[in-house]
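Source file: work33.tsv; contents: TSV, C-alpha atoms and all ligand atoms.
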chain	number	residue	atom	x	y	z
Z	1	MET	CA	0.00	0.00	0.00
Z	2	THR	CA	1.23	3.53	-0.72
Z	3	ALA	CA	0.38	6.76	1.04
Z	4	LEU	CA	-2.02	7.47	-1.86
Z	5	ASP	CA	-4.22	4.52	-0.87
Z	6	LEU	CA	-4.54	5.55	2.77
Z	7	PRO	CA	-7.68	7.73	2.36
Z	8	GLN	CA	-9.66	4.55	1.56
Z	9	LEU	CA	-9.02	3.43	5.13
Z	10	LEU	CA	-11.66	5.28	7.11
Z	11	ASN	CA	-10.92	4.23	10.66
Z	12	LEU	CA	-8.42	2.41	12.84
Z	13	THR	CA	-10.16	-0.92	12.38
Z	14	ASP	CA	-9.84	-0.57	8.59
Z	15	MET	CA	-6.14	0.13	9.16
Z	16	GLU	CA	-5.76	-2.94	11.40
Z	17	THR	CA	-7.54	-5.23	8.93
Z	18	ALA	CA	-5.49	-3.98	5.98
Z	19	ALA	CA	-2.22	-4.22	7.90
Z	20	GLN	CA	-2.92	-7.73	9.09
Z	21	GLN	CA	-3.29	-8.84	5.46
Z	22	ILE	CA	0.23	-7.75	4.56
Z	23	MET	CA	2.27	-8.22	7.73
Z	24	PRO	CA	4.83	-10.99	8.07
Z	25	PRO	CA	3.26	-13.77	10.20
Z	26	ASP	CA	5.86	-13.45	12.98
Z	27	ALA	CA	5.19	-9.74	13.36
Z	28	LEU	CA	1.43	-10.22	13.25
Z	29	ASN	CA	1.52	-12.90	15.98
Z	30	TYR	CA	3.72	-10.74	18.14
Z	31	TYR	CA	1.84	-7.46	17.73
Z	32	ALA	CA	-1.72	-8.76	17.86
Z	33	SER	CA	-1.46	-11.30	20.66
Z	34	GLY	CA	-2.58	-10.99	24.26
Z	35	ALA	CA	-2.03	-13.16	27.32
Z	36	ASN	CA	-3.72	-16.51	27.95
Z	37	ASP	CA	-7.38	-16.47	26.78
Z	38	GLU	CA	-7.09	-12.81	25.71
Z	39	HIS	CA	-10.08	-11.81	27.89
Z	40	THR	CA	-8.37	-8.56	28.88
Z	41	LEU	CA	-7.33	-7.80	25.31
Z	42	ARG	CA	-11.00	-7.91	24.27
Z	43	ALA	CA	-12.28	-6.27	27.46
Z	44	ASN	CA	-10.13	-3.18	26.88
Z	45	ARG	CA	-12.05	-2.35	23.73
Z	46	ALA	CA	-15.42	-3.44	25.09
Z	47	SER	CA	-15.07	-1.19	28.14
Z	48	PHE	CA	-15.26	1.88	25.88
Z	49	SER	CA	-18.43	0.84	24.08
Z	50	ARG	CA	-20.22	0.09	27.37
Z	51	VAL	CA	-19.98	3.73	28.48
Z	52	LYS	CA	-22.62	5.95	26.83
Z	53	LEU	CA	-22.37	9.64	26.02
Z	54	ARG	CA	-24.81	12.36	27.20
Z	55	PRO	CA	-24.45	15.08	24.54
Z	56	ARG	CA	-25.50	18.67	25.18
Z	57	VAL	CA	-27.12	20.70	22.37
Z	58	LEU	CA	-27.48	24.30	21.21
Z	59	VAL	CA	-23.84	25.11	21.92
Z	60	ASP	CA	-21.73	27.09	19.42
Z	61	VAL	CA	-19.26	24.42	18.28
Z	62	SER	CA	-17.92	26.24	15.23
Z	63	HIS	CA	-14.42	26.33	16.82
Z	64	ILE	CA	-13.02	23.37	18.71
Z	65	ASP	CA	-9.71	23.43	20.57
Z	66	LEU	CA	-8.17	19.99	21.18
Z	67	SER	CA	-4.84	21.21	22.53
Z	68	THR	CA	-3.40	20.18	25.87
Z	69	GLU	CA	-0.06	19.77	27.68
Z	70	VAL	CA	1.69	16.74	29.12
Z	71	LEU	CA	4.44	17.48	31.66
Z	72	GLY	CA	4.69	20.95	30.14
Z	73	LEU	CA	4.91	19.76	26.52
Z	74	PRO	CA	2.14	21.20	24.31
Z	75	LEU	CA	0.19	18.57	22.33
Z	76	SER	CA	-2.12	19.45	19.45
Z	77	PHE	CA	-4.57	16.82	20.74
Z	78	PRO	CA	-4.51	14.50	23.76
Z	79	VAL	CA	-3.09	11.44	22.01
Z	80	GLY	CA	0.43	10.01	22.17
Z	81	ILE	CA	2.14	6.84	21.04
Z	82	ALA	CA	2.79	4.12	23.64
Z	83	PRO	CA	6.12	2.29	23.78
Z	84	CYS	CA	6.10	-0.82	21.63
Z	85	ALA	CA	9.05	-3.06	21.00
Z	86	MET	CA	10.51	-3.83	17.60
Z	87	HIS	CA	8.97	-1.53	15.01
Z	88	GLY	CA	11.55	-2.87	12.57
Z	89	LEU	CA	9.56	-6.09	12.17
Z	90	VAL	CA	7.27	-4.21	9.78
Z	91	HIS	CA	9.21	-1.26	8.38
Z	92	PRO	CA	12.90	-0.51	7.80
Z	93	GLU	CA	12.63	3.02	9.21
Z	94	ALA	CA	11.08	1.54	12.33
Z	95	GLU	CA	10.86	3.88	15.36
Z	96	VAL	CA	12.37	6.79	13.39
Z	97	ALA	CA	9.32	6.80	11.09
Z	98	THR	CA	6.94	6.58	14.05
Z	99	ALA	CA	8.64	9.44	15.89
Z	100	THR	CA	8.70	11.61	12.75
Z	101	ALA	CA	4.95	11.10	12.33
Z	102	ALA	CA	4.27	11.88	15.99
Z	103	ALA	CA	6.26	15.10	15.76
Z	104	ALA	CA	4.52	16.17	12.55
Z	105	ALA	CA	1.14	15.62	14.20
Z	106	GLY	CA	2.08	17.64	17.31
Z	107	SER	CA	1.83	14.41	19.31
Z	108	LEU	CA	4.43	12.50	21.33
Z	109	ALA	CA	6.21	9.16	20.84
Z	110	THR	CA	7.35	6.94	23.70
Z	111	LEU	CA	10.41	4.97	22.67
Z	112	SER	CA	10.64	1.39	23.99
Z	113	THR	CA	13.83	0.01	25.53
Z	114	MET	CA	13.31	-2.75	22.96
Z	115	SER	CA	13.58	-0.50	19.92
Z	116	HIS	CA	15.29	-1.37	16.68
Z	117	LYS	CA	16.67	2.14	16.22
Z	118	PRO	CA	19.16	3.87	18.55
Z	119	ILE	CA	17.83	6.37	21.08
Z	120	GLU	CA	19.69	9.29	19.53
Z	121	ASP	CA	18.28	8.70	16.01
Z	122	VAL	CA	14.73	8.50	17.27
Z	123	ALA	CA	15.15	11.56	19.50
Z	124	GLN	CA	16.35	13.56	16.53
Z	125	ALA	CA	13.30	12.51	14.48
Z	126	ALA	CA	10.99	13.27	17.39
Z	127	ALA	CA	12.23	16.88	17.63
Z	128	GLY	CA	11.65	17.15	21.37
Z	129	ARG	CA	8.47	15.07	21.35
Z	130	MET	CA	9.82	11.86	22.87
Z	131	TRP	CA	9.57	10.02	26.17
Z	132	PHE	CA	11.81	7.04	26.88
Z	133	GLN	CA	10.41	3.79	28.31
Z	134	LEU	CA	12.65	1.79	30.59
Z	135	TYR	CA	12.70	-1.89	31.42
Z	136	LEU	CA	14.96	-2.14	34.44
Z	137	TYR	CA	17.90	-4.42	33.70
Z	138	ARG	CA	19.34	-6.72	36.37
Z	139	ASP	CA	22.57	-4.92	35.50
Z	140	ARG	CA	21.83	-1.40	36.77
Z	141	GLU	CA	24.78	0.02	34.85
Z	142	VAL	CA	23.05	-0.85	31.57
Z	143	SER	CA	19.91	0.94	32.76
Z	144	ARG	CA	21.86	3.94	34.01
Z	145	ASP	CA	23.56	4.27	30.63
Z	146	LEU	CA	20.23	4.10	28.74
Z	147	VAL	CA	18.56	6.63	31.01
Z	148	GLN	CA	21.43	9.06	30.70
Z	149	ARG	CA	21.59	8.65	26.93
Z	150	ALA	CA	17.86	9.27	26.66
Z	151	GLU	CA	18.12	12.39	28.83
Z	152	ALA	CA	21.10	13.70	26.83
Z	153	ALA	CA	19.27	13.04	23.57
Z	154	GLY	CA	16.31	15.18	24.66
Z	155	ALA	CA	13.73	12.75	26.07
Z	156	ARG	CA	11.19	14.73	28.12
Z	157	ALA	CA	10.26	11.99	30.60
Z	158	LEU	CA	11.18	8.51	31.70
Z	159	VAL	CA	8.44	5.88	31.61
Z	160	LEU	CA	9.22	2.96	33.91
Z	161	THR	CA	7.12	-0.07	33.02
Z	162	VAL	CA	6.00	-1.74	36.24
Z	163	ASP	CA	3.63	-4.47	35.06
Z	164	THR	CA	6.22	-6.79	33.54
Z	165	PRO	CA	8.30	-8.54	36.25
Z	166	PHE	CA	7.99	-11.43	33.82
Z	167	LEU	CA	6.57	-11.53	30.35
Z	168	GLY	CA	2.88	-12.57	30.26
Z	169	ARG	CA	1.95	-15.98	28.89
Z	170	ARG	CA	1.19	-15.25	25.26
Z	171	GLU	CA	0.23	-18.64	23.96
Z	172	VAL	CA	0.32	-17.54	20.34
Z	173	MET	CA	4.01	-16.81	20.88
Z	174	LEU	CA	4.58	-20.13	22.62
Z	175	ARG	CA	3.17	-21.90	19.57
Z	176	SER	CA	5.19	-19.75	17.12
Z	177	PRO	CA	8.22	-18.35	18.93
Z	178	LEU	CA	9.68	-15.07	17.71
Z	179	HIS	CA	13.08	-15.24	16.05
Z	180	LEU	CA	14.38	-11.85	14.98
Z	181	PRO	CA	15.47	-11.83	11.34
Z	182	GLU	CA	19.23	-12.09	10.78
Z	183	GLY	CA	20.87	-8.66	11.12
Z	184	MET	CA	17.94	-7.10	13.00
Z	185	SER	CA	19.49	-6.36	16.35
Z	186	LEU	CA	18.11	-4.48	19.35
Z	187	PRO	CA	20.71	-1.79	20.05
Z	188	ASN	CA	19.82	-1.48	23.75
Z	189	VAL	CA	20.27	-5.19	24.36
Z	190	GLY	CA	23.76	-5.99	23.17
Z	191	ARG	CA	25.13	-9.43	22.45
Z	192	ARG	CA	23.39	-12.54	23.69
Z	193	GLN	CA	24.81	-14.01	26.87
Z	194	PRO	CA	26.50	-17.37	26.26
Z	195	GLY	CA	24.40	-20.38	27.29
Z	196	THR	CA	21.07	-18.84	26.22
Z	197	GLU	CA	21.01	-20.29	22.70
Z	198	HIS	CA	18.02	-22.51	23.55
Z	199	LEU	CA	15.78	-19.51	24.27
Z	200	ASP	CA	13.67	-17.77	21.64
Z	201	ASP	CA	14.12	-14.01	21.44
Z	202	LEU	CA	11.28	-12.97	23.79
Z	203	ASN	CA	12.23	-15.50	26.44
Z	204	TYR	CA	15.83	-14.37	26.17
Z	205	LEU	CA	14.80	-10.74	26.77
Z	206	ASN	CA	12.83	-11.95	29.77
Z	207	THR	CA	16.07	-13.07	31.43
Z	208	LEU	CA	17.65	-9.60	31.24
Z	209	PHE	CA	15.12	-7.64	33.27
Z	210	ASP	CA	14.90	-7.55	37.04
Z	211	PRO	CA	11.86	-9.25	38.59
Z	212	SER	CA	12.95	-8.07	42.04
Z	213	MET	CA	12.21	-4.45	41.06
Z	214	ASN	CA	10.16	-2.75	43.78
Z	215	TRP	CA	9.23	0.69	45.14
Z	216	ARG	CA	12.71	1.20	46.62
Z	217	ASP	CA	14.23	1.07	43.11
Z	218	LEU	CA	12.52	4.36	42.32
Z	219	GLU	CA	15.00	6.07	44.64
Z	220	TRP	CA	17.83	4.67	42.58
Z	221	LEU	CA	16.15	5.78	39.36
Z	222	ARG	CA	15.66	9.26	40.73
Z	223	SER	CA	19.36	9.39	41.63
Z	224	VAL	CA	20.41	8.83	38.02
Z	225	THR	CA	18.06	11.26	36.24
Z	226	ARG	CA	16.45	14.66	36.58
Z	227	LEU	CA	13.63	13.71	34.17
Z	228	PRO	CA	10.06	13.36	35.41
Z	229	ILE	CA	9.20	9.70	36.05
Z	230	VAL	CA	5.97	8.09	34.89
Z	231	LEU	CA	4.99	4.62	36.14
Z	232	LYS	CA	3.31	2.64	33.36
Z	233	GLY	CA	1.12	-0.30	34.27
Z	234	ILE	CA	-0.82	1.08	37.27
Z	235	HIS	CA	-4.13	-0.74	37.80
Z	236	THR	CA	-5.31	0.30	41.28
Z	237	ALA	CA	-5.96	3.30	43.53
Z	238	GLU	CA	-3.47	1.88	46.05
Z	239	ASP	CA	-0.59	1.84	43.57
Z	240	ALA	CA	-1.62	5.20	42.12
Z	241	ALA	CA	-1.33	6.69	45.62
Z	242	LEU	CA	2.11	5.12	46.12
Z	243	THR	CA	3.18	6.45	42.71
Z	244	VAL	CA	2.24	9.98	43.68
Z	245	GLU	CA	3.93	9.64	47.09
Z	246	SER	CA	7.10	8.60	45.28
Z	247	GLY	CA	6.89	11.73	43.12
Z	248	GLY	CA	5.83	9.95	39.92
Z	249	HIS	CA	3.04	10.32	37.38
Z	250	VAL	CA	0.50	7.60	36.67
Z	251	TRP	CA	0.03	5.68	33.40
Z	252	VAL	CA	-3.01	3.42	33.77
Z	253	SER	CA	-2.47	0.38	31.60
Z	254	ASN	CA	-2.73	-3.40	31.52
Z	255	HIS	CA	-0.12	-3.57	28.75
Z	256	GLY	CA	-2.75	-4.00	26.06
Z	257	GLY	CA	-3.94	-7.29	27.60
Z	258	ARG	CA	-0.51	-8.88	27.17
Z	259	GLN	CA	0.38	-9.42	30.82
Z	260	LEU	CA	-2.22	-10.54	33.40
Z	261	ASP	CA	-5.28	-11.94	31.69
Z	262	THR	CA	-8.60	-10.98	33.35
Z	263	ALA	CA	-6.95	-7.89	34.89
Z	264	VAL	CA	-9.18	-4.82	35.23
Z	265	THR	CA	-9.43	-2.51	32.24
Z	266	PRO	CA	-7.92	1.00	32.36
Z	267	LEU	CA	-11.20	2.79	31.66
Z	268	GLU	CA	-13.09	1.02	34.45
Z	269	VAL	CA	-10.44	1.79	37.10
Z	270	LEU	CA	-9.80	5.36	35.99
Z	271	PRO	CA	-12.37	6.92	38.39
Z	272	GLU	CA	-10.85	5.27	41.48
Z	273	ILE	CA	-7.39	6.30	40.34
Z	274	VAL	CA	-8.41	9.90	39.76
Z	275	GLN	CA	-9.87	9.92	43.25
Z	276	ALA	CA	-6.66	8.54	44.77
Z	277	VAL	CA	-4.40	10.96	42.89
Z	278	GLN	CA	-6.43	14.06	43.90
Z	279	GLY	CA	-4.84	16.22	41.20
Z	280	ARG	CA	-1.29	15.72	42.58
Z	281	ALA	CA	0.08	14.09	39.39
Z	282	GLU	CA	-0.78	13.66	35.74
Z	283	ILE	CA	-2.74	10.57	34.72
Z	284	TYR	CA	-2.52	8.86	31.32
Z	285	LEU	CA	-4.28	5.80	29.97
Z	286	ASP	CA	-3.80	3.23	27.23
Z	287	GLY	CA	-5.47	0.05	26.04
Z	288	GLY	CA	-8.10	-0.60	23.41
Z	289	ILE	CA	-8.42	2.91	21.99
Z	290	THR	CA	-9.65	2.86	18.40
Z	291	ARG	CA	-12.12	5.77	18.21
Z	292	GLY	CA	-12.29	9.48	18.90
Z	293	THR	CA	-15.14	8.78	21.32
Z	294	ASP	CA	-12.76	6.49	23.29
Z	295	VAL	CA	-10.37	9.41	23.71
Z	296	LEU	CA	-13.25	11.65	24.73
Z	297	LYS	CA	-14.43	9.20	27.40
Z	298	ALA	CA	-10.98	8.73	28.90
Z	299	VAL	CA	-10.40	12.48	29.08
Z	300	ALA	CA	-13.88	13.02	30.54
Z	301	LEU	CA	-13.01	10.55	33.31
Z	302	GLY	CA	-9.76	12.35	34.15
Z	303	ALA	CA	-6.97	11.19	31.82
Z	304	ARG	CA	-4.77	14.05	30.65
Z	305	ALA	CA	-3.88	12.13	27.50
Z	306	VAL	CA	-4.24	8.64	26.05
Z	307	PHE	CA	-1.69	6.52	24.25
Z	308	LEU	CA	-1.97	4.12	21.32
Z	309	GLY	CA	-0.06	0.83	21.27
Z	310	ARG	CA	-0.92	-1.42	18.32
Z	311	ALA	CA	-2.70	1.15	16.12
Z	312	PRO	CA	0.45	3.07	15.07
Z	313	LEU	CA	2.22	-0.24	14.43
Z	314	TYR	CA	-0.47	-1.12	11.91
Z	315	GLY	CA	-0.10	2.30	10.29
Z	316	LEU	CA	3.65	1.79	10.13
Z	317	ALA	CA	3.23	-1.64	8.53
Z	318	LEU	CA	0.96	-0.18	5.84
Z	319	ALA	CA	2.85	2.93	4.78
Z	320	GLY	CA	5.67	3.85	7.17
Z	321	GLU	CA	5.63	7.40	8.48
Z	322	ALA	CA	2.59	8.32	6.34
Z	323	GLY	CA	0.68	5.36	7.78
Z	324	VAL	CA	1.37	6.38	11.38
Z	325	ARG	CA	0.40	9.92	10.51
Z	326	HIS	CA	-2.88	8.69	8.98
Z	327	THR	CA	-3.65	6.77	12.19
Z	328	LEU	CA	-3.16	9.90	14.28
Z	329	GLU	CA	-5.11	12.14	11.90
Z	330	LEU	CA	-8.09	9.77	11.78
Z	331	LEU	CA	-8.29	9.86	15.55
Z	332	ARG	CA	-7.90	13.63	15.66
Z	333	GLU	CA	-10.76	14.12	13.17
Z	334	GLU	CA	-12.99	11.69	15.06
Z	335	LEU	CA	-12.28	13.39	18.38
Z	336	GLN	CA	-13.00	16.80	16.91
Z	337	LEU	CA	-16.37	15.67	15.56
Z	338	ALA	CA	-17.25	13.84	18.78
Z	339	MET	CA	-16.53	17.03	20.78
Z	340	ALA	CA	-18.79	19.05	18.50
Z	341	LEU	CA	-21.60	16.49	18.67
Z	342	CYS	CA	-21.32	16.49	22.48
Z	343	GLY	CA	-21.52	20.29	22.61
Z	344	LYS	CA	-17.98	20.74	23.92
Z	345	VAL	CA	-15.35	23.11	22.55
Z	346	ARG	CA	-12.38	22.60	24.93
Z	347	LEU	CA	-10.98	19.54	26.68
Z	348	ALA	CA	-11.37	21.32	30.02
Z	349	GLU	CA	-15.15	21.15	29.53
Z	350	LEU	CA	-15.10	17.35	29.53
Z	351	GLY	CA	-16.11	15.75	32.81
Z	352	PRO	CA	-17.93	12.70	34.19
Z	353	ASP	CA	-21.29	14.45	33.61
Z	354	LEU	CA	-20.77	13.69	29.89
Z	355	LEU	CA	-20.98	9.95	30.57
Z	356	ARG	CA	-23.58	7.44	31.61
Z	357	PRO	CA	-21.83	4.36	32.96
Z	358	SER	CA	-23.01	0.91	31.93
Z	359	THR	CA	-25.88	-0.55	33.94
Z	401	LIG	C1	3.86	-5.36	19.98
Z	401	LIG	C2	3.82	-4.65	21.30
Z	401	LIG	C3	4.99	-4.37	21.95
Z	401	LIG	C4	4.97	-3.72	23.17
Z	401	LIG	N1	6.14	-3.37	23.75
Z	401	LIG	C5	6.14	-2.66	24.90
Z	401	LIG	C6	7.35	-2.21	25.47
Z	401	LIG	O1	8.43	-2.44	24.94
Z	401	LIG	N2	7.28	-1.54	26.64
Z	401	LIG	C7	6.09	-1.26	27.27
Z	401	LIG	O2	6.07	-0.65	28.31
Z	401	LIG	N3	4.92	-1.65	26.72
Z	401	LIG	C8	4.93	-2.33	25.56
Z	401	LIG	N4	3.73	-2.69	24.98
Z	401	LIG	C9	2.46	-2.25	25.59
Z	401	LIG	C10	2.03	-0.88	25.01
Z	401	LIG	O3	2.89	0.13	25.45
Z	401	LIG	C11	0.62	-0.49	25.44
Z	401	LIG	O4	0.52	-0.53	26.85
Z	401	LIG	C12	-0.51	-1.32	24.84
Z	401	LIG	O5	-0.18	-1.81	23.56
Z	401	LIG	C13	-1.79	-0.48	24.75
Z	401	LIG	O6	-2.83	-1.20	24.22
Z	401	LIG	P1	-3.35	-1.10	22.69
Z	401	LIG	O7	-2.38	-1.88	21.88
Z	401	LIG	O8	-4.69	-1.74	22.78
Z	401	LIG	O9	-3.40	0.37	22.32
Z	401	LIG	C14	3.74	-3.36	23.76
Z	401	LIG	C15	2.54	-3.67	23.10
Z	401	LIG	C16	2.57	-4.30	21.88
Z	401	LIG	C17	1.27	-4.58	21.19
Z	402	LIG	C1	10.33	-9.08	29.31
Z	402	LIG	C2	10.70	-8.10	28.32
Z	402	LIG	C3	10.30	-8.28	26.90
Z	402	LIG	C4	9.59	-7.10	26.50
Z	402	LIG	C5	8.99	-7.18	25.16
Z	402	LIG	C6	8.19	-5.98	24.85
Z	402	LIG	C7	6.84	-5.95	25.47
Z	402	LIG	O1	6.62	-5.26	26.45
Z	402	LIG	C8	5.75	-6.70	24.92
Z	402	LIG	O2	4.61	-6.53	25.39
Z	402	LIG	O3	5.95	-7.52	24.00

Would you write out, as structure tokens, the structure that this file holds?
Ligand SMILES: Cc1cc2nc3c(=O)[nH]c(=O)nc-3n(C[C@H](O)[C@H](O)[C@H](O)COP(=O)(O)O)c2cc1C
Ligand SMILES: CCCCCCC(=O)C(=O)O
Amino acid sequence: MTALDLPQLLNLTDMETAAQQIMPPDALNYYASGANDEHTLRANRASFSRVKLRPRVLVDVSHIDLSTEVLGLPLSFPVGIAPCAMHGLVHPEAEVATATAAAAAGSLATLSTMSHKPIEDVAQAAAGRMWFQLYLYRDREVSRDLVQRAEAAGARALVLTVDTPFLGRREVMLRSPLHLPEGMSLPNVGRRQPGTEHLDDLNYLNTLFDPSMNWRDLEWLRSVTRLPIVLKGIHTAEDAALTVESGGHVWVSNHGGRQLDTAVTPLEVLPEIVQAVQGRAEIYLDGGITRGTDVLKAVALGARAVFLGRAPLYGLALAGEAGVRHTLELLREELQLAMALCGKVRLAELGPDLLRPST
């Protein structure tokens, strides 16, 4: 598919369907899969359609302002790109293309520790619109080096993923293990340790990260960076409160249903998290977002911005940077229309009164 064909794809589900027809099977299995029975993967999407909107009428909606700020960075609309490993499985420009598209859209890209492109190259493409996601290595010196490189390259925040002490049980991947194509290395991983030849690539990565990571490690992280810290993978009010007490910001996520199957969905726990945070930190959300109305609902319940995981990967697979850009623009247009049809002209006007929870 070329950029010229993109206008035929009218929504993110069209993009996903088209991408899945052309993606290499290994990449498709890896990107699309969830943990165990994939209940949480499906529930993430379903949670958005269960919440109904209560639109107001006779409001002048001729001008709509979607702009916001995350940690002081202006965004043209409240949507960023979540960290996803290995963009190079579907496009040679990989994370550089994704970051370029995010910057062009006035959005924000979060670069995964497991990227195919070096931090500095992606940061340059992102033009100041990049956060860096960290998996904490058993070897703290490796983590320290990554954090300091990200900070020097211009990352605006550090996103510590806290829901992955071990990789979830993705049975699709157990049936068809991932083997990275020859020559496609992960620059933040380095050479394989001897004696691990029997492990497929995901299970090998699993051995590098530290399952003993706990709240005390945040002190260490704070000692090696001045960047704001965001904890990604918060599911409960209790952990949201601890995040705030440790000086962090809260990213509500169940890792796109790839970790603990039957875990709560981000949208359903957002109200309790907002209550626990009491305005002391920023709150973000990801998981299952495919429509402008999904963004609207998350913002109405208290998320400052939402993030997309798989959707930009499908855009990237279809048409590189232009495909990611199309994904973001579709969502922007849908959000703009949804705001107008709800009688809202600024994000600050969105609140729980806009929603009728499921019965
Ligand atoms: C292929 C893939 C790779 C991912 N890699 C990472 C990663 O490296 N670090 C991380 O914190 N989350 C990772 N995630 C989780 C995403 O950041 C995000 O939480 C999730 O995909 C959001 O759900 P969605 O795909 O329904 O939008 C990954 C998700 C996918 C689908
Ligand atoms: C245990 C580390 C492997 C991480 C792979 C990336 C990721 O988060 C994923 O969901 O896949």

For this session: Please identify all polymer residues within 12 Å of Tyr204 of chain Z, counting all atoms listed in the file, omitting same-chain residues fewer than 6 positions from it, and present them as a PyMOL selection string.
Result: chain Z and resi 166-167+177-180+189-198

Exercise. Would you name the residues within 8 Å of ligand LIG 402 (chain Z), counting only C-alpha atoms and all ligand atoms, and put them as a list of chain:residue names?
Worked result: Z:Tyr30, Z:Tyr31, Z:Cys84, Z:Ala85, Z:Met86, Z:Ser112, Z:Met114, Z:Tyr135, Z:Thr164, Z:Pro165, Z:Phe166, Z:Leu167, Z:Gly168, Z:Leu202, Z:Asn203, Z:Leu205, Z:Asn206, Z:Thr207, Z:Leu208, Z:Phe209, Z:His255, Z:Gly256, Z:Arg258, Z:Gln259

Can those selected residues be exported to a file as a PDB file, keeping the file's coordinate frame so that it contains C-alpha atoms?
ATOM      1  CA  TYR Z  30       3.720 -10.740  18.140  1.00  0.00           C
ATOM      2  CA  TYR Z  31       1.840  -7.460  17.730  1.00  0.00           C
ATOM      3  CA  CYS Z  84       6.100  -0.820  21.630  1.00  0.00           C
ATOM      4  CA  ALA Z  85       9.050  -3.060  21.000  1.00  0.00           C
ATOM      5  CA  MET Z  86      10.510  -3.830  17.600  1.00  0.00           C
ATOM      6  CA  SER Z 112      10.640   1.390  23.990  1.00  0.00           C
ATOM      7  CA  MET Z 114      13.310  -2.750  22.960  1.00  0.00           C
ATOM      8  CA  TYR Z 135      12.700  -1.890  31.420  1.00  0.00           C
ATOM      9  CA  THR Z 164       6.220  -6.790  33.540  1.00  0.00           C
ATOM     10  CA  PRO Z 165       8.300  -8.540  36.250  1.00  0.00           C
ATOM     11  CA  PHE Z 166       7.990 -11.430  33.820  1.00  0.00           C
ATOM     12  CA  LEU Z 167       6.570 -11.530  30.350  1.00  0.00           C
ATOM     13  CA  GLY Z 168       2.880 -12.570  30.260  1.00  0.00           C
ATOM     14  CA  LEU Z 202      11.280 -12.970  23.790  1.00  0.00           C
ATOM     15  CA  ASN Z 203      12.230 -15.500  26.440  1.00  0.00           C
ATOM     16  CA  LEU Z 205      14.800 -10.740  26.770  1.00  0.00           C
ATOM     17  CA  ASN Z 206      12.830 -11.950  29.770  1.00  0.00           C
ATOM     18  CA  THR Z 207      16.070 -13.070  31.430  1.00  0.00           C
ATOM     19  CA  LEU Z 208      17.650  -9.600  31.240  1.00  0.00           C
ATOM     20  CA  PHE Z 209      15.120  -7.640  33.270  1.00  0.00           C
ATOM     21  CA  HIS Z 255      -0.120  -3.570  28.750  1.00  0.00           C
ATOM     22  CA  GLY Z 256      -2.750  -4.000  26.060  1.00  0.00           C
ATOM     23  CA  ARG Z 258      -0.510  -8.880  27.170  1.00  0.00           C
ATOM     24  CA  GLN Z 259       0.380  -9.420  30.820  1.00  0.00           C
TER      25      GLN Z 259
END

Problem set entry | Within-7 Å residues of ligand LIG 401 (chain Z), basis all atoms listed in the file, as a list in words |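 My answer, listing the contacting residues, is Tyr30, Tyr31, Ala32, Asn44, Ala82, Pro83, Cys84, Ala85, Ser112, Thr113, Met114, Gln133, Thr161, Lys232, Ser253, Asn254, His255, Gly256, Asp286, Gly287, Gly288, Ile289, Phe307, Leu308, Gly309, Arg310 and Ala311 of chain Z.
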
May I have the protein, DNA and RNA residues with any atom at most 10 Å from the point (-19.7, 23.4, 19.0), counting only C-alpha atoms, written as a PDB file with C-alpha atoms, keeping the file's coordinate frame?
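Once written, part-v4.pdb looks like this:
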ATOM      1  CA  ARG Z  56     -25.500  18.670  25.180  1.00  0.00           C
ATOM      2  CA  VAL Z  57     -27.120  20.700  22.370  1.00  0.00           C
ATOM      3  CA  LEU Z  58     -27.480  24.300  21.210  1.00  0.00           C
ATOM      4  CA  VAL Z  59     -23.840  25.110  21.920  1.00  0.00           C
ATOM      5  CA  ASP Z  60     -21.730  27.090  19.420  1.00  0.00           C
ATOM      6  CA  VAL Z  61     -19.260  24.420  18.280  1.00  0.00           C
ATOM      7  CA  SER Z  62     -17.920  26.240  15.230  1.00  0.00           C
ATOM      8  CA  HIS Z  63     -14.420  26.330  16.820  1.00  0.00           C
ATOM      9  CA  ILE Z  64     -13.020  23.370  18.710  1.00  0.00           C
ATOM     10  CA  GLN Z 336     -13.000  16.800  16.910  1.00  0.00           C
ATOM     11  CA  LEU Z 337     -16.370  15.670  15.560  1.00  0.00           C
ATOM     12  CA  ALA Z 338     -17.250  13.840  18.780  1.00  0.00           C
ATOM     13  CA  MET Z 339     -16.530  17.030  20.780  1.00  0.00           C
ATOM     14  CA  ALA Z 340     -18.790  19.050  18.500  1.00  0.00           C
ATOM     15  CA  LEU Z 341     -21.600  16.490  18.670  1.00  0.00           C
ATOM     16  CA  CYS Z 342     -21.320  16.490  22.480  1.00  0.00           C
ATOM     17  CA  GLY Z 343     -21.520  20.290  22.610  1.00  0.00           C
ATOM     18  CA  LYS Z 344     -17.980  20.740  23.920  1.00  0.00           C
ATOM     19  CA  VAL Z 345     -15.350  23.110  22.550  1.00  0.00           C
ATOM     20  CA  ARG Z 346     -12.380  22.600  24.930  1.00  0.00           C
TER      21      ARG Z 346
END

Exercise. Taking all atoms listed in the file into account, which of Z:Asp210, Z:Asp261, Z:Glu272, Z:Asp200 comes nearest His235 of chain Z?
Worked result: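 For His235 of chain Z, the nearest of the candidates is Z:Glu272.
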
Please identify all polymer residues within 9 Å of Val277 of chain Z, counting only C-alpha atoms, omitting same-chain residues fewer than 3 positions from it, and present them as a CSV table (one decimal) with C-alpha atoms, keeping the file's coordinate frame.
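Below is the file selection_20.csv, written as the result:
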chain,number,residue,atom,x,y,z
Z,237,ALA,CA,-6.0,3.3,43.5
Z,240,ALA,CA,-1.6,5.2,42.1
Z,241,ALA,CA,-1.3,6.7,45.6
Z,243,THR,CA,3.2,6.4,42.7
Z,244,VAL,CA,2.2,10.0,43.7
Z,250,VAL,CA,0.5,7.6,36.7
Z,272,GLU,CA,-10.8,5.3,41.5
Z,273,ILE,CA,-7.4,6.3,40.3
Z,274,VAL,CA,-8.4,9.9,39.8
Z,280,ARG,CA,-1.3,15.7,42.6
Z,281,ALA,CA,0.1,14.1,39.4
Z,282,GLU,CA,-0.8,13.7,35.7
Z,283,ILE,CA,-2.7,10.6,34.7
